[in-house]
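Okay, final-v9.cif is below, mmCIF, N, CA and C atoms:
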data_upload
loop_
_atom_site.label_atom_id
_atom_site.label_comp_id
_atom_site.auth_asym_id
_atom_site.auth_seq_id
_atom_site.Cartn_x
_atom_site.Cartn_y
_atom_site.Cartn_z
N MET A 1 2.37 7.13 -10.61
CA MET A 1 3.59 6.65 -11.22
C MET A 1 4.71 7.63 -10.84
N ILE A 2 5.88 7.11 -10.63
CA ILE A 2 7.05 7.94 -10.36
C ILE A 2 8.03 7.76 -11.51
N TYR A 3 8.47 8.90 -12.07
CA TYR A 3 9.43 8.90 -13.17
C TYR A 3 10.73 9.52 -12.68
N TYR A 4 11.85 9.08 -13.23
CA TYR A 4 13.16 9.59 -12.84
C TYR A 4 13.94 10.03 -14.07
N THR A 5 14.68 11.11 -13.90
CA THR A 5 15.62 11.57 -14.91
C THR A 5 16.70 12.36 -14.18
N GLY A 6 17.64 12.87 -14.90
CA GLY A 6 18.69 13.67 -14.27
C GLY A 6 19.53 14.40 -15.29
N ASP A 7 20.37 15.28 -14.79
CA ASP A 7 21.33 16.00 -15.62
C ASP A 7 20.69 16.74 -16.79
N ILE A 8 19.65 17.52 -16.50
CA ILE A 8 19.02 18.27 -17.58
C ILE A 8 19.67 19.64 -17.77
N HIS A 9 20.50 20.07 -16.83
CA HIS A 9 21.34 21.26 -16.95
C HIS A 9 20.60 22.49 -17.47
N GLY A 10 19.44 22.77 -16.90
CA GLY A 10 18.72 23.99 -17.24
C GLY A 10 17.93 23.94 -18.53
N SER A 11 17.78 22.79 -19.12
CA SER A 11 17.01 22.66 -20.36
C SER A 11 15.70 21.92 -20.06
N THR A 12 14.60 22.53 -20.46
CA THR A 12 13.29 21.90 -20.24
C THR A 12 12.84 21.07 -21.44
N THR A 13 13.58 21.08 -22.51
CA THR A 13 13.15 20.45 -23.77
C THR A 13 12.75 18.99 -23.59
N GLU A 14 13.61 18.19 -22.99
CA GLU A 14 13.32 16.76 -22.86
C GLU A 14 12.19 16.50 -21.87
N ILE A 15 12.09 17.31 -20.83
CA ILE A 15 11.02 17.14 -19.84
C ILE A 15 9.67 17.47 -20.48
N VAL A 16 9.60 18.57 -21.21
CA VAL A 16 8.36 18.97 -21.88
C VAL A 16 7.97 17.92 -22.92
N THR A 17 8.94 17.44 -23.70
CA THR A 17 8.67 16.41 -24.70
C THR A 17 8.13 15.15 -24.04
N PHE A 18 8.74 14.74 -22.95
CA PHE A 18 8.29 13.57 -22.20
C PHE A 18 6.84 13.75 -21.74
N CYS A 19 6.54 14.90 -21.14
CA CYS A 19 5.18 15.16 -20.64
C CYS A 19 4.16 15.22 -21.77
N ASN A 20 4.53 15.78 -22.90
CA ASN A 20 3.62 15.83 -24.04
C ASN A 20 3.35 14.44 -24.60
N HIS A 21 4.35 13.58 -24.56
CA HIS A 21 4.20 12.23 -25.12
C HIS A 21 3.46 11.28 -24.18
N PHE A 22 3.84 11.29 -22.90
CA PHE A 22 3.28 10.32 -21.95
C PHE A 22 2.13 10.88 -21.11
N THR A 23 1.88 12.17 -21.19
CA THR A 23 0.80 12.87 -20.47
C THR A 23 0.64 12.44 -19.01
N PRO A 24 1.67 12.65 -18.20
CA PRO A 24 1.52 12.36 -16.77
C PRO A 24 0.48 13.31 -16.15
N THR A 25 -0.09 12.88 -15.03
CA THR A 25 -1.11 13.68 -14.35
C THR A 25 -0.53 14.30 -13.07
N GLN A 26 -1.38 15.04 -12.36
CA GLN A 26 -0.95 15.62 -11.09
C GLN A 26 -0.68 14.55 -10.05
N GLU A 27 -1.19 13.38 -10.26
CA GLU A 27 -0.95 12.27 -9.33
C GLU A 27 0.44 11.66 -9.52
N ASP A 28 1.10 11.98 -10.61
CA ASP A 28 2.43 11.45 -10.91
C ASP A 28 3.50 12.37 -10.35
N THR A 29 4.69 11.80 -10.16
CA THR A 29 5.84 12.55 -9.67
C THR A 29 7.00 12.35 -10.63
N LEU A 30 7.66 13.43 -10.95
CA LEU A 30 8.87 13.39 -11.77
C LEU A 30 10.03 13.83 -10.89
N VAL A 31 10.98 12.94 -10.67
CA VAL A 31 12.15 13.22 -9.84
C VAL A 31 13.32 13.52 -10.77
N ILE A 32 13.91 14.69 -10.60
CA ILE A 32 15.09 15.05 -11.39
C ILE A 32 16.30 14.90 -10.47
N LEU A 33 17.13 13.91 -10.77
CA LEU A 33 18.22 13.49 -9.89
C LEU A 33 19.50 14.27 -10.15
N GLY A 34 19.56 15.48 -9.68
CA GLY A 34 20.78 16.27 -9.73
C GLY A 34 21.04 16.95 -11.05
N ASP A 35 21.84 17.99 -10.95
CA ASP A 35 22.22 18.83 -12.09
C ASP A 35 21.00 19.30 -12.87
N VAL A 36 20.02 19.77 -12.12
CA VAL A 36 18.80 20.30 -12.71
C VAL A 36 19.09 21.61 -13.42
N GLY A 37 19.83 22.48 -12.78
CA GLY A 37 20.16 23.78 -13.37
C GLY A 37 19.11 24.84 -13.12
N ALA A 38 18.22 24.62 -12.16
CA ALA A 38 17.13 25.56 -11.90
C ALA A 38 17.60 26.84 -11.24
N ASN A 39 18.66 26.80 -10.51
CA ASN A 39 19.19 27.99 -9.82
C ASN A 39 20.66 28.22 -10.15
N TYR A 40 21.06 27.85 -11.30
CA TYR A 40 22.48 27.93 -11.66
C TYR A 40 22.87 29.32 -12.13
N PHE A 41 22.05 29.94 -12.97
CA PHE A 41 22.42 31.22 -13.56
C PHE A 41 22.00 32.41 -12.70
N THR A 42 21.02 32.23 -11.83
CA THR A 42 20.46 33.27 -10.96
C THR A 42 20.04 34.52 -11.74
N ASN A 43 19.37 34.30 -12.85
CA ASN A 43 18.85 35.42 -13.64
C ASN A 43 17.52 35.01 -14.27
N GLU A 44 17.07 35.74 -15.28
CA GLU A 44 15.78 35.46 -15.92
C GLU A 44 15.72 34.07 -16.53
N ARG A 45 16.86 33.54 -16.92
CA ARG A 45 16.87 32.18 -17.49
C ARG A 45 16.35 31.17 -16.47
N ASP A 46 16.79 31.30 -15.23
CA ASP A 46 16.30 30.42 -14.16
C ASP A 46 14.81 30.62 -13.92
N THR A 47 14.37 31.87 -13.95
CA THR A 47 12.96 32.17 -13.73
C THR A 47 12.09 31.53 -14.81
N LEU A 48 12.49 31.65 -16.06
CA LEU A 48 11.75 31.04 -17.16
C LEU A 48 11.76 29.51 -17.05
N PHE A 49 12.90 28.97 -16.72
CA PHE A 49 13.03 27.52 -16.55
C PHE A 49 12.05 26.99 -15.50
N LYS A 50 12.02 27.64 -14.34
CA LYS A 50 11.13 27.20 -13.26
C LYS A 50 9.66 27.42 -13.63
N ALA A 51 9.36 28.50 -14.33
CA ALA A 51 7.97 28.76 -14.76
C ALA A 51 7.51 27.67 -15.73
N THR A 52 8.39 27.24 -16.61
CA THR A 52 8.05 26.18 -17.57
C THR A 52 7.77 24.87 -16.84
N LEU A 53 8.61 24.52 -15.88
CA LEU A 53 8.39 23.29 -15.11
C LEU A 53 7.11 23.37 -14.29
N ALA A 54 6.80 24.55 -13.75
CA ALA A 54 5.61 24.72 -12.91
C ALA A 54 4.32 24.51 -13.70
N LYS A 55 4.35 24.71 -15.00
CA LYS A 55 3.16 24.54 -15.83
C LYS A 55 2.88 23.08 -16.15
N LEU A 56 3.82 22.20 -15.90
CA LEU A 56 3.65 20.78 -16.22
C LEU A 56 2.80 20.10 -15.16
N ALA A 57 2.11 19.04 -15.56
CA ALA A 57 1.16 18.37 -14.67
C ALA A 57 1.79 17.63 -13.49
N PRO A 58 2.86 16.86 -13.69
CA PRO A 58 3.33 16.07 -12.55
C PRO A 58 3.97 16.94 -11.47
N THR A 59 3.97 16.41 -10.26
CA THR A 59 4.74 17.03 -9.18
C THR A 59 6.21 16.80 -9.52
N ILE A 60 7.01 17.85 -9.41
CA ILE A 60 8.43 17.72 -9.76
C ILE A 60 9.27 17.88 -8.51
N LEU A 61 10.11 16.89 -8.25
CA LEU A 61 11.03 16.90 -7.12
C LEU A 61 12.44 16.98 -7.68
N CYS A 62 13.16 18.01 -7.28
CA CYS A 62 14.53 18.20 -7.78
C CYS A 62 15.53 17.89 -6.68
N ILE A 63 16.48 17.03 -6.99
CA ILE A 63 17.58 16.73 -6.08
C ILE A 63 18.74 17.62 -6.51
N HIS A 64 19.26 18.39 -5.57
CA HIS A 64 20.33 19.33 -5.91
C HIS A 64 21.61 18.60 -6.32
N GLY A 65 22.23 19.14 -7.34
CA GLY A 65 23.53 18.66 -7.79
C GLY A 65 24.50 19.82 -7.77
N ASN A 66 25.60 19.72 -8.47
CA ASN A 66 26.58 20.80 -8.47
C ASN A 66 26.23 21.91 -9.45
N HIS A 67 25.10 21.81 -10.16
CA HIS A 67 24.65 22.88 -11.05
C HIS A 67 23.46 23.63 -10.45
N GLU A 68 23.41 23.71 -9.15
CA GLU A 68 22.38 24.47 -8.46
C GLU A 68 23.01 25.37 -7.41
N MET A 69 22.44 26.55 -7.26
CA MET A 69 22.79 27.38 -6.13
C MET A 69 21.91 26.88 -4.99
N ARG A 70 22.44 26.80 -3.81
CA ARG A 70 21.67 26.30 -2.68
C ARG A 70 20.56 27.29 -2.31
N PRO A 71 19.37 26.79 -1.97
CA PRO A 71 18.21 27.65 -1.71
C PRO A 71 18.47 28.73 -0.66
N TRP A 72 19.23 28.42 0.36
CA TRP A 72 19.45 29.41 1.42
C TRP A 72 20.29 30.60 0.95
N HIS A 73 20.85 30.52 -0.25
CA HIS A 73 21.58 31.65 -0.84
C HIS A 73 20.71 32.47 -1.79
N ILE A 74 19.47 32.08 -1.99
CA ILE A 74 18.58 32.75 -2.93
C ILE A 74 17.51 33.50 -2.13
N PRO A 75 17.56 34.83 -2.13
CA PRO A 75 16.63 35.59 -1.30
C PRO A 75 15.16 35.39 -1.67
N THR A 76 14.86 35.08 -2.92
CA THR A 76 13.47 34.94 -3.35
C THR A 76 12.96 33.51 -3.30
N TYR A 77 13.76 32.58 -2.82
CA TYR A 77 13.37 31.17 -2.80
C TYR A 77 12.21 30.94 -1.85
N LYS A 78 11.20 30.24 -2.33
CA LYS A 78 10.03 29.92 -1.51
C LYS A 78 9.70 28.45 -1.72
N THR A 79 9.28 27.81 -0.65
CA THR A 79 8.81 26.44 -0.78
C THR A 79 7.30 26.47 -0.99
N LYS A 80 6.80 25.47 -1.65
CA LYS A 80 5.38 25.40 -1.96
C LYS A 80 4.87 24.02 -1.57
N ILE A 81 3.81 24.00 -0.81
CA ILE A 81 3.18 22.74 -0.45
C ILE A 81 2.03 22.52 -1.41
N ARG A 82 2.06 21.41 -2.10
CA ARG A 82 1.03 21.11 -3.09
C ARG A 82 0.07 20.11 -2.48
N ARG A 83 -1.15 20.51 -2.37
CA ARG A 83 -2.17 19.63 -1.80
C ARG A 83 -2.79 18.79 -2.90
N ARG A 84 -2.93 17.54 -2.61
CA ARG A 84 -3.55 16.62 -3.56
C ARG A 84 -5.03 16.50 -3.20
N LEU A 85 -5.82 16.38 -4.23
CA LEU A 85 -7.27 16.23 -4.01
C LEU A 85 -7.65 14.79 -3.83
#
As structure tokens, how would this structure be written, given the file I've shared?
Amino acid sequence: MIYYTGDIHGSTTEIVTFCNHFTPTQEDTLVILGDVGANYFTNERDTLFKATLAKLAPTILCIHGNHEMRPWHIPTYKTKIRRRL
């Protein structure tokens, strides 16, 4: 299943609530359509935000909006390839 949302502006509350209620699996994908806020503050807040999303079951695809710093400006940015079983 593919789920869509957007404009979460650095808050994981609604995403975590959604995952707790609907229990998506690793086979599911959650697309966040812009204004994710994952790289907006460039401090520990962003690190905690990304760590919280990483603990959730679905694959998360973030579309950059104007509340993100572009990855090529972040020295610690790494891409991750997730293999499906």
Using only N, CA and C atoms, the residue out of A:Thr79, A:Asn39, A:Thr12, A:Thr59 with shortest distance to Gln26 (chain A) is A:Thr59
Under the rule that all atoms listed in the file are counted, which of A:Tyr77, A:Asp35, A:Leu30, A:Tyr4 is the nearest residue to Leu61 (chain A)?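 Closest candidate: A:Leu30.
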Excluding Thr25 (chain A) and residues on its chain fewer than 4 positions from it, collect all residues at most 6.5 Å away from it, counting only N, CA and C atoms, and give them as a PyMOL selection string. chain A and resi 29+57-59
Output the residue selection produced by the PyMOL selection byres (((chain A and resi 9 and name CA) around 7) and name CA) on the file above, formatted as a PyMOL selection string. chain A and resi 7-8+10-11+35-37+67
I need the residues of chain A that end up classed as strand (DSSP E) by DSSP on the backbone, written out as a PyMOL selection string. chain A and resi 2-5+29-33+59-63
Pick from A:Asn20, A:Asn43, A:Thr5, A:Thr13 nearest to Cys62 (chain A), counting only C-alpha atoms: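 Selected residue with least distance to Cys62 (chain A): A:Thr5.
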Using 5 Å of padding on each side, determine the axis-aligned box around all atoms of region 70-80 of chain A present in the file and give its centre and edge lengths in Å to one decimal, as lines of an AutoDock Vina configuration file.
center_x = 13.7
center_y = 29.8
center_z = -1.2
size_x = 27.6
size_y = 21.6
size_z = 15.2
How many Å lie between CA of Glu68 (chain A) and CA of Arg82 (chain A), rounded to one decimal? 22.3 Å
Closest to Met1 (chain A) among A:Phe41, A:Pro24, A:Ala54, A:Glu14, using only C-alpha atoms?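 Answer, going by the shortest atom-to-atom distance: A:Pro24.
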CA of His21 (chain A) to atom C of Lys78 (chain A): how many Å, to one decimal?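 Here the two named atoms are 29.0 Å from each other.
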